>>> print(open('model-v9.cif').read())   # mmCIF, C-alpha atoms, pLDDT in the B column; chains and numbers go by the auth columns
data_query
loop_
_atom_site.group_PDB
_atom_site.id
_atom_site.type_symbol
_atom_site.label_atom_id
_atom_site.label_comp_id
_atom_site.label_asym_id
_atom_site.label_seq_id
_atom_site.Cartn_x
_atom_site.Cartn_y
_atom_site.Cartn_z
_atom_site.B_iso_or_equiv
_atom_site.auth_seq_id
_atom_site.auth_asym_id
ATOM 1 C CA MET A 1 46.178 37.529 -15.618 51.00 1 A
ATOM 2 C CA ASN A 2 45.702 34.707 -18.047 52.00 2 A
ATOM 3 C CA GLY A 3 47.595 32.437 -15.690 53.00 3 A
ATOM 4 C CA VAL A 4 45.265 33.302 -12.811 47.00 4 A
ATOM 5 C CA MET A 5 42.152 32.640 -14.927 51.00 5 A
ATOM 6 C CA SER A 6 43.621 29.354 -16.117 54.00 6 A
ATOM 7 C CA GLY A 7 44.257 28.421 -12.489 48.00 7 A
ATOM 8 C CA PHE A 8 40.650 29.176 -11.503 45.00 8 A
ATOM 9 C CA MET A 9 39.352 27.206 -14.458 49.00 9 A
ATOM 10 C CA SER A 10 41.554 24.240 -13.564 51.00 10 A
ATOM 11 C CA VAL A 11 40.349 24.292 -9.955 43.00 11 A
ATOM 12 C CA GLY A 12 36.745 24.580 -11.154 44.00 12 A
ATOM 13 C CA ALA A 13 37.229 21.617 -13.482 43.00 13 A
ATOM 14 C CA ILE A 14 38.641 19.534 -10.624 45.00 14 A
ATOM 15 C CA ILE A 15 35.714 20.429 -8.353 41.00 15 A
ATOM 16 C CA LEU A 16 33.212 19.623 -11.105 39.00 16 A
ATOM 17 C CA SER A 17 34.924 16.311 -11.829 45.00 17 A
ATOM 18 C CA THR A 18 34.960 15.428 -8.122 43.00 18 A
ATOM 19 C CA TRP A 19 31.290 16.328 -7.772 38.00 19 A
ATOM 20 C CA THR A 20 30.338 14.268 -10.848 44.00 20 A
ATOM 21 C CA THR A 21 32.334 11.273 -9.601 42.00 21 A
ATOM 22 C CA TYR A 22 30.717 11.523 -6.157 39.00 22 A
ATOM 23 C CA MET A 23 27.197 11.790 -7.548 43.00 23 A
ATOM 24 C CA THR A 24 27.778 8.881 -9.938 44.00 24 A
ATOM 25 C CA PHE A 25 29.495 6.334 -7.701 45.00 25 A
ATOM 26 C CA PHE A 26 29.206 7.319 -4.043 48.00 26 A
ATOM 27 C CA ASP A 27 26.051 9.389 -3.516 53.00 27 A
ATOM 28 C CA ASP A 28 23.617 6.562 -2.824 72.00 28 A
ATOM 29 C CA ARG A 29 20.560 8.288 -1.397 71.00 29 A
ATOM 30 C CA TYR A 30 16.882 7.444 -1.592 82.00 30 A
ATOM 31 C CA THR A 31 13.810 7.989 0.523 84.00 31 A
ATOM 32 C CA LEU A 32 10.621 6.202 -0.490 87.00 32 A
ATOM 33 C CA THR A 33 7.597 8.015 0.928 89.00 33 A
ATOM 34 C CA VAL A 34 3.971 6.903 0.543 91.00 34 A
ATOM 35 C CA ALA A 35 0.710 8.623 1.483 92.00 35 A
ATOM 36 C CA MET A 36 -2.841 7.332 1.320 93.00 36 A
ATOM 37 C CA ALA A 37 -4.678 9.720 -0.995 93.00 37 A
ATOM 38 C CA SER A 38 -8.139 8.162 -0.709 94.00 38 A
ATOM 39 C CA ILE A 39 -9.917 4.885 -0.164 95.00 39 A
ATOM 40 C CA GLY A 40 -13.309 3.717 -1.317 95.00 40 A
ATOM 41 C CA SER A 41 -15.330 0.641 -0.451 95.00 41 A
ATOM 42 C CA SER A 42 -18.236 -1.400 -1.737 95.00 42 A
ATOM 43 C CA VAL A 43 -20.106 -4.514 -0.634 94.00 43 A
ATOM 44 C CA GLN A 44 -21.839 -6.936 -2.959 93.00 44 A
ATOM 45 C CA THR A 45 -24.711 -8.658 -1.159 88.00 45 A
ATOM 46 C CA SER A 46 -26.486 -11.715 -2.531 86.00 46 A
ATOM 47 C CA SER A 47 -29.056 -14.033 -0.961 80.00 47 A
ATOM 48 C CA TYR A 48 -30.296 -17.501 -1.758 77.00 48 A
ATOM 49 C CA SER A 49 -33.474 -19.031 -0.329 75.00 49 A
ATOM 50 C CA SER A 50 -34.649 -22.639 -0.431 67.00 50 A
ATOM 51 C CA SER A 51 -38.299 -23.209 0.363 61.00 51 A
ATOM 52 C CA ILE A 52 -37.725 -26.958 0.567 64.00 52 A
ATOM 53 C CA GLU A 53 -34.979 -26.812 3.167 67.00 53 A
ATOM 54 C CA ASN A 54 -36.320 -23.588 4.648 73.00 54 A
ATOM 55 C CA VAL A 55 -32.846 -22.068 4.477 79.00 55 A
ATOM 56 C CA ARG A 56 -31.768 -18.587 3.492 82.00 56 A
ATOM 57 C CA GLU A 57 -28.106 -17.954 2.803 87.00 57 A
ATOM 58 C CA THR A 58 -26.615 -14.474 2.564 88.00 58 A
ATOM 59 C CA ARG A 59 -23.198 -13.637 1.157 90.00 59 A
ATOM 60 C CA ARG A 60 -21.557 -10.249 1.685 92.00 60 A
ATOM 61 C CA ALA A 61 -18.446 -9.629 -0.406 95.00 61 A
ATOM 62 C CA PRO A 62 -16.600 -6.419 0.621 96.00 62 A
ATOM 63 C CA TYR A 63 -14.061 -4.598 -1.555 96.00 63 A
ATOM 64 C CA VAL A 64 -11.715 -1.674 -0.879 96.00 64 A
ATOM 65 C CA THR A 65 -10.069 0.623 -3.442 95.00 65 A
ATOM 66 C CA PRO A 66 -7.085 2.502 -1.976 95.00 66 A
ATOM 67 C CA VAL A 67 -5.214 5.173 -3.936 94.00 67 A
ATOM 68 C CA ILE A 68 -1.643 5.938 -2.856 92.00 68 A
ATOM 69 C CA ILE A 69 0.888 8.595 -3.816 91.00 69 A
ATOM 70 C CA ALA A 70 4.522 7.447 -3.727 88.00 70 A
ATOM 71 C CA SER A 71 7.667 9.518 -4.154 87.00 71 A
ATOM 72 C CA ASN A 72 11.375 8.700 -4.299 86.00 72 A
ATOM 73 C CA GLN A 73 13.640 11.524 -3.182 83.00 73 A
ATOM 74 C CA GLY A 74 17.357 10.991 -3.710 78.00 74 A
ATOM 75 C CA THR A 75 19.848 9.957 -6.365 78.00 75 A
ATOM 76 C CA LYS A 76 19.074 6.282 -6.998 81.00 76 A
ATOM 77 C CA SER A 77 16.063 4.506 -8.460 80.00 77 A
ATOM 78 C CA MET A 78 13.938 1.987 -6.594 80.00 78 A
ATOM 79 C CA VAL A 79 11.895 -0.886 -8.009 83.00 79 A
ATOM 80 C CA PHE A 80 8.416 -1.594 -6.676 79.00 80 A
ATOM 81 C CA THR A 81 7.517 -5.241 -7.395 81.00 81 A
ATOM 82 C CA ARG A 82 4.614 -6.376 -5.235 83.00 82 A
ATOM 83 C CA VAL A 83 1.922 -5.157 -2.861 89.00 83 A
ATOM 84 C CA SER A 84 -0.552 -7.009 -0.691 90.00 84 A
ATOM 85 C CA LEU A 85 -3.160 -6.088 1.892 94.00 85 A
ATOM 86 C CA VAL A 86 -2.880 -7.832 5.258 93.00 86 A
ATOM 87 C CA LYS A 87 -4.793 -7.620 8.511 93.00 87 A
ATOM 88 C CA SER A 88 -2.549 -6.586 11.371 92.00 88 A
ATOM 89 C CA GLU A 89 -2.349 -8.730 14.486 90.00 89 A
ATOM 90 C CA SER A 90 -1.716 -5.546 16.480 89.00 90 A
ATOM 91 C CA GLN A 91 -4.119 -2.617 16.666 87.00 91 A
ATOM 92 C CA GLU A 92 -1.287 -0.145 17.267 88.00 92 A
ATOM 93 C CA THR A 93 1.260 -0.942 14.554 89.00 93 A
ATOM 94 C CA CYS A 94 1.420 -3.111 11.444 88.00 94 A
ATOM 95 C CA SER A 95 2.325 -6.662 12.411 87.00 95 A
ATOM 96 C CA ALA A 96 1.155 -9.759 10.547 80.00 96 A
ATOM 97 C CA GLY A 97 2.119 -13.409 10.700 78.00 97 A
ATOM 98 C CA LYS A 98 2.020 -15.996 7.928 76.00 98 A
ATOM 99 C CA ASP A 99 -1.571 -16.973 8.752 78.00 99 A
ATOM 100 C CA ALA A 100 -2.927 -13.422 8.854 79.00 100 A
ATOM 101 C CA PRO A 101 -5.756 -12.682 6.376 79.00 101 A
ATOM 102 C CA SER A 102 -4.267 -11.154 3.230 83.00 102 A
ATOM 103 C CA ALA A 103 -5.218 -10.228 -0.324 87.00 103 A
ATOM 104 C CA PHE A 104 -3.469 -9.296 -3.554 88.00 104 A
ATOM 105 C CA PRO A 105 -4.754 -6.688 -6.014 89.00 105 A
ATOM 106 C CA LEU A 106 -7.555 -8.002 -8.213 87.00 106 A
ATOM 107 C CA LYS A 107 -5.748 -6.486 -11.191 77.00 107 A
ATOM 108 C CA ARG A 108 -2.195 -7.759 -10.845 64.00 108 A
ATOM 109 C CA ILE A 109 0.768 -5.593 -11.755 59.00 109 A
ATOM 110 C CA ASP A 110 2.238 -7.151 -14.924 56.00 110 A
ATOM 111 C CA GLN A 111 5.664 -5.575 -14.540 66.00 111 A
ATOM 112 C CA PRO A 112 7.635 -3.814 -11.793 76.00 112 A
ATOM 113 C CA GLU A 113 7.155 -0.103 -11.237 77.00 113 A
ATOM 114 C CA ILE A 114 10.412 1.889 -11.367 78.00 114 A
ATOM 115 C CA TYR A 115 10.630 4.966 -9.156 77.00 115 A
ATOM 116 C CA SER A 116 13.276 7.243 -10.622 81.00 116 A
ATOM 117 C CA PRO A 117 15.064 9.786 -8.420 82.00 117 A
ATOM 118 C CA ASP A 118 12.838 12.735 -7.466 80.00 118 A
ATOM 119 C CA SER A 119 9.761 11.110 -9.005 83.00 119 A
ATOM 120 C CA ILE A 120 6.139 11.012 -7.840 86.00 120 A
ATOM 121 C CA GLN A 121 3.577 8.414 -8.915 86.00 121 A
ATOM 122 C CA THR A 122 -0.049 7.653 -8.126 89.00 122 A
ATOM 123 C CA LEU A 123 -1.193 4.036 -7.903 88.00 123 A
ATOM 124 C CA SER A 124 -4.725 2.668 -7.562 90.00 124 A
ATOM 125 C CA PHE A 125 -5.626 -0.796 -6.268 92.00 125 A
ATOM 126 C CA GLU A 126 -8.664 -2.940 -5.603 94.00 126 A
ATOM 127 C CA PHE A 127 -8.669 -5.659 -2.953 95.00 127 A
ATOM 128 C CA ALA A 128 -11.313 -8.195 -1.989 95.00 128 A
ATOM 129 C CA LEU A 129 -11.718 -8.591 1.774 95.00 129 A
ATOM 130 C CA PRO A 130 -12.933 -11.864 3.336 94.00 130 A
ATOM 131 C CA ASP A 131 -16.542 -12.743 2.534 93.00 131 A
ATOM 132 C CA LEU A 132 -19.174 -12.957 5.253 92.00 132 A
ATOM 133 C CA ASN A 133 -21.519 -15.916 4.734 90.00 133 A
ATOM 134 C CA THR A 134 -24.519 -16.489 7.017 87.00 134 A
ATOM 135 C CA ARG A 135 -27.591 -18.708 7.142 83.00 135 A
ATOM 136 C CA ASN A 136 -31.072 -17.648 8.197 76.00 136 A
ATOM 137 C CA ASP A 137 -30.892 -15.124 11.053 77.00 137 A
ATOM 138 C CA GLU A 138 -27.264 -15.766 11.975 84.00 138 A
ATOM 139 C CA GLU A 139 -25.201 -12.717 12.827 86.00 139 A
ATOM 140 C CA PRO A 140 -22.051 -12.446 10.678 89.00 140 A
ATOM 141 C CA ASP A 141 -18.683 -12.419 12.427 92.00 141 A
ATOM 142 C CA LEU A 142 -17.692 -8.788 11.878 94.00 142 A
ATOM 143 C CA SER A 143 -14.418 -9.275 13.757 93.00 143 A
ATOM 144 C CA VAL A 144 -13.009 -10.858 10.583 93.00 144 A
ATOM 145 C CA LEU A 145 -13.045 -7.403 9.008 94.00 145 A
ATOM 146 C CA ALA A 146 -12.671 -5.129 12.038 95.00 146 A
ATOM 147 C CA GLY A 147 -9.328 -3.618 12.948 94.00 147 A
ATOM 148 C CA LEU A 148 -6.154 -2.355 11.309 95.00 148 A
ATOM 149 C CA TRP A 149 -5.332 -3.338 7.731 95.00 149 A
ATOM 150 C CA CYS A 150 -1.918 -2.632 6.226 94.00 150 A
ATOM 151 C CA MET A 151 -0.370 -2.596 2.777 93.00 151 A
ATOM 152 C CA LYS A 152 2.835 -4.633 2.522 92.00 152 A
ATOM 153 C CA PHE A 153 5.292 -3.658 -0.206 90.00 153 A
ATOM 154 C CA VAL A 154 8.230 -5.499 -1.739 90.00 154 A
ATOM 155 C CA VAL A 155 10.832 -2.983 -2.907 87.00 155 A
ATOM 156 C CA PHE A 156 14.365 -3.323 -4.278 88.00 156 A
ATOM 157 C CA ASP A 157 17.041 -0.643 -4.470 84.00 157 A
ATOM 158 C CA HIS A 158 19.668 -0.214 -7.201 80.00 158 A
ATOM 159 C CA ASN A 159 21.966 -2.721 -5.466 82.00 159 A
ATOM 160 C CA GLY A 160 19.287 -5.402 -5.329 83.00 160 A
ATOM 161 C CA GLU A 161 18.688 -5.017 -1.602 86.00 161 A
ATOM 162 C CA ARG A 162 15.152 -6.134 -0.690 91.00 162 A
ATOM 163 C CA TYR A 163 12.802 -4.277 1.644 89.00 163 A
ATOM 164 C CA GLU A 164 9.334 -5.306 2.863 91.00 164 A
ATOM 165 C CA PRO A 165 7.881 -2.207 4.555 91.00 165 A
ATOM 166 C CA TYR A 166 4.307 -1.769 5.780 92.00 166 A
ATOM 167 C CA LEU A 167 1.910 1.141 5.415 93.00 167 A
ATOM 168 C CA GLU A 168 -1.124 1.562 7.669 93.00 168 A
ATOM 169 C CA ALA A 169 -3.887 1.500 5.055 94.00 169 A
ATOM 170 C CA PHE A 170 -7.100 1.842 7.060 96.00 170 A
ATOM 171 C CA ARG A 171 -9.026 0.864 10.164 96.00 171 A
ATOM 172 C CA ALA A 172 -12.346 -0.865 9.598 96.00 172 A
ATOM 173 C CA LYS A 173 -15.283 -0.579 11.982 96.00 173 A
ATOM 174 C CA PRO A 174 -17.889 -2.722 10.227 96.00 174 A
ATOM 175 C CA ALA A 175 -21.550 -2.494 11.165 95.00 175 A
ATOM 176 C CA LEU A 176 -24.844 -3.872 9.907 92.00 176 A
ATOM 177 C CA VAL A 177 -27.436 -1.321 8.803 90.00 177 A
ATOM 178 C CA PRO A 178 -31.075 -2.510 8.560 86.00 178 A
ATOM 179 C CA GLY A 179 -32.753 -2.010 5.207 75.00 179 A
ATOM 180 C CA GLU A 180 -36.092 -0.325 4.594 76.00 180 A
ATOM 181 C CA ASP A 181 -37.701 -3.692 3.940 74.00 181 A
ATOM 182 C CA PRO A 182 -37.543 -5.989 7.012 72.00 182 A
ATOM 183 C CA GLU A 183 -37.308 -8.955 4.658 71.00 183 A
ATOM 184 C CA ASP A 184 -34.051 -7.671 3.177 75.00 184 A
ATOM 185 C CA ALA A 185 -30.707 -8.655 4.681 79.00 185 A
ATOM 186 C CA PRO A 186 -29.043 -5.829 6.639 87.00 186 A
ATOM 187 C CA ARG A 187 -26.499 -3.816 4.661 88.00 187 A
ATOM 188 C CA LEU A 188 -22.829 -4.070 5.603 93.00 188 A
ATOM 189 C CA ASP A 189 -21.019 -0.759 6.123 95.00 189 A
ATOM 190 C CA LEU A 190 -17.223 -0.984 6.523 95.00 190 A
ATOM 191 C CA ASN A 191 -16.774 2.502 8.077 96.00 191 A
ATOM 192 C CA LEU A 192 -13.164 2.978 6.962 96.00 192 A
ATOM 193 C CA GLU A 193 -10.780 5.464 8.588 95.00 193 A
ATOM 194 C CA TYR A 194 -7.289 6.256 7.293 93.00 194 A
ATOM 195 C CA ALA A 195 -4.397 8.601 8.015 87.00 195 A
ATOM 196 C CA GLN A 196 -3.692 11.167 5.301 84.00 196 A
ATOM 197 C CA GLY A 197 -0.122 12.112 6.184 87.00 197 A
ATOM 198 C CA PRO A 198 2.992 10.822 4.363 90.00 198 A
ATOM 199 C CA VAL A 199 4.907 7.851 5.758 90.00 199 A
ATOM 200 C CA GLU A 200 8.597 7.161 5.118 90.00 200 A
ATOM 201 C CA LEU A 201 8.857 3.493 4.155 87.00 201 A
ATOM 202 C CA VAL A 202 12.506 3.089 3.136 85.00 202 A
ATOM 203 C CA SER A 203 15.406 5.489 3.498 81.00 203 A
ATOM 204 C CA ARG A 204 19.158 5.418 2.926 74.00 204 A
ATOM 205 C CA GLY A 205 21.689 8.241 3.100 64.00 205 A
ATOM 206 C CA GLY A 206 21.210 11.806 4.201 48.00 206 A
ATOM 207 C CA VAL A 207 20.958 15.210 2.614 40.00 207 A
ATOM 208 C CA SER A 208 23.328 15.873 -0.256 40.00 208 A
ATOM 209 C CA PRO A 209 26.307 18.011 0.826 40.00 209 A
ATOM 210 C CA TRP A 210 26.287 19.912 -2.491 38.00 210 A
#
>>> encode(input="model-v9.cif", output="structure tokens")
Amino acid sequence: MNGVMSGFMSVGAIILSTWTTYMTFFDDRYTLTVAMASIGSSVQTSSYSSSIENVRETRRAPYVTPVIIASNQGTKSMVFTRVSLVKSESQETCSAGKDAPSAFPLKRIDQPEIYSPDSIQTLSFEFALPDLNTRNDEEPDLSVLAGLWCMKFVVFDHNGERYEPYLEAFRAKPALVPGEDPEDAPRLDLNLEYAQGPVELVSRGGVSPW
């Protein structure tokens, strides 16, 4: 009887050792998922008038404040190093060239964010969108802001492999809203829309067999 128990214990030890070795050296799995939790916006409007030149200049400076929830499901950590906001050249999917309007967070990330296995983190950002500057009764070019904007990430896995995935951040449908005083410059409303479901940005490996 003791021999049988010793045999079972030996087999169990071998299985445990095999499982530990697999999890440590061979089970390279990760799935980085991000969801847009919320997004706010604000517009700072300032005007300057010159009675001598009979010129009135208006500057509208829009800002957006997205909040994302990111999770890493798997066995390996990932390192999140940079994020930027870019305007997509396509209205269907995120696609941006080198000359596409882009912005970095106003408060830069001082050090990389490490996403440990099975971790969830919430990150908040603030981006400045392109200013709209007009003179007198000129209509601002709202197309500069209109359309699909995407967040571009730079992520590294535990082997140093680099990924640059995109996340659809929001769609802007800017419009001018007249103020109560006809002398005041119309207010800029960004009218932001965003998807609330999770998006898989980077994935490697499948479901653990254990």
>>> closest_residue(input="model-v9.cif", among="A:Ser47, A:Ser38, A:Ser95, A:Ser88", to="Phe125 in chain A", atoms="all atoms listed in the file")
A:Ser38
>>> atom_distance(input="model-v9.cif", atom1="CA of Arg60 in chain A", atom2="CA of Tyr166 in chain A")
27.5 Å
>>> resolve_selection(input="model-v9.cif", expression="the PyMOL selection byres ((chain A and resi 198) around 10)", output="list in words")
Thr33, Val34, Ala35, Met36, Ala37, Ile68, Ile69, Ala70, Ser71, Leu167, Ala195, Gln196, Gly197, Val199, Glu200 and Leu201 of chain A
>>> resolve_selection(input="model-v9.cif", expression="the PyMOL selection byres ((chain A and resi 113) around 8)", output="PyMOL selection string")
chain A and resi 79-81+111-112+114-115
>>> closest_residue(input="model-v9.cif", among="A:Leu176, A:Val154, A:Ala169, A:Leu148", to="Gln91 in chain A", atoms="all atoms listed in the file")
A:Leu148
>>> closest_atom_pairs(input="model-v9.cif", of="range 40-67 of chain A", to="range 126-130 of chain A", cutoff="12 Å", atoms="all atoms listed in the file", output="JSON lines")
{"residue": "A:Gly40", "atom": "CA", "partner": "A:Glu126", "partner_atom": "CA", "distance": 9.2}
{"residue": "A:Ser41", "atom": "CA", "partner": "A:Glu126", "partner_atom": "CA", "distance": 9.2}
{"residue": "A:Ser42", "atom": "CA", "partner": "A:Ala128", "partner_atom": "CA", "distance": 9.7}
{"residue": "A:Val43", "atom": "CA", "partner": "A:Ala128", "partner_atom": "CA", "distance": 9.6}
{"residue": "A:Gln44", "atom": "CA", "partner": "A:Ala128", "partner_atom": "CA", "distance": 10.6}
{"residue": "A:Arg59", "atom": "CA", "partner": "A:Pro130", "partner_atom": "CA", "distance": 10.6}
{"residue": "A:Arg60", "atom": "CA", "partner": "A:Pro130", "partner_atom": "CA", "distance": 8.9}
{"residue": "A:Ala61", "atom": "CA", "partner": "A:Pro130", "partner_atom": "CA", "distance": 7.0}
{"residue": "A:Pro62", "atom": "CA", "partner": "A:Leu129", "partner_atom": "CA", "distance": 5.5}
{"residue": "A:Tyr63", "atom": "CA", "partner": "A:Ala128", "partner_atom": "CA", "distance": 4.5}
{"residue": "A:Val64", "atom": "CA", "partner": "A:Phe127", "partner_atom": "CA", "distance": 5.4}
{"residue": "A:Thr65", "atom": "CA", "partner": "A:Glu126", "partner_atom": "CA", "distance": 4.4}
{"residue": "A:Pro66", "atom": "CA", "partner": "A:Glu126", "partner_atom": "CA", "distance": 6.7}
{"residue": "A:Val67", "atom": "CA", "partner": "A:Glu126", "partner_atom": "CA", "distance": 9.0}
>>> write_last_selection(input="model-v9.cif", atoms="C-alpha atoms", output="compact mmCIF listing (two decimals), in the coordinates of the input")
# COMPACT_ATOMS: atom_id res chain seq x y z
CA GLY A 40 -13.31 3.72 -1.32
CA SER A 41 -15.33 0.64 -0.45
CA SER A 42 -18.24 -1.40 -1.74
CA VAL A 43 -20.11 -4.51 -0.63
CA GLN A 44 -21.84 -6.94 -2.96
CA ARG A 59 -23.20 -13.64 1.16
CA ARG A 60 -21.56 -10.25 1.68
CA ALA A 61 -18.45 -9.63 -0.41
CA PRO A 62 -16.60 -6.42 0.62
CA TYR A 63 -14.06 -4.60 -1.56
CA VAL A 64 -11.72 -1.67 -0.88
CA THR A 65 -10.07 0.62 -3.44
CA PRO A 66 -7.08 2.50 -1.98
CA VAL A 67 -5.21 5.17 -3.94
>>> resolve_selection(input="model-v9.cif", expression="the PyMOL selection byres ((chain A and resi 171-174) around 9)", output="VMD selection string")
chain A and resid 91 142 to 143 145 to 150 168 to 170 175 to 176 188 to 194
>>> residues_around(input="model-v9.cif", residues="Pro165 in chain A", least_positions_apart="4", cutoff="9 Å", atoms="only C-alpha atoms", output="PyMOL selection string")
chain A and resi 151-155+201-202
>>> closest_residue(input="model-v9.cif", among="A:Ser119, A:Asn133, A:Asn159, A:Gln73", to="Arg29 in chain A", atoms="all atoms listed in the file")
A:Gln73
>>> axis_aligned_box(input="model-v9.cif", around="range 95-101 of chain A", padding_each_side="6 Å", output="JSON")
{"center_x": -1.7, "center_y": -11.8, "center_z": 9.4, "size_x": 20.1, "size_y": 22.3, "size_z": 18.0}
>>> atom_distance(input="model-v9.cif", atom1="CA of Tyr48 in chain A", atom2="CA of Arg135 in chain A")
9.4 Å
>>> atom_distance(input="model-v9.cif", atom1="CA of Asp131 in chain A", atom2="CA of Ser46 in chain A")
11.2 Å
>>> residues_around(input="model-v9.cif", residues="Phe156 in chain A", least_positions_apart="2", cutoff="6 Å", atoms="all atoms listed in the file", output="PDB file with C-alpha atoms, in the coordinates of the input")
ATOM      1  CA  MET A  78      13.938   1.987  -6.594  1.00 80.00           C
ATOM      2  CA  VAL A  79      11.895  -0.886  -8.009  1.00 83.00           C
ATOM      3  CA  GLY A 160      19.287  -5.402  -5.329  1.00 83.00           C
ATOM      4  CA  GLU A 161      18.688  -5.017  -1.602  1.00 86.00           C
ATOM      5  CA  ARG A 162      15.152  -6.134  -0.690  1.00 91.00           C
TER       6      ARG A 162
END
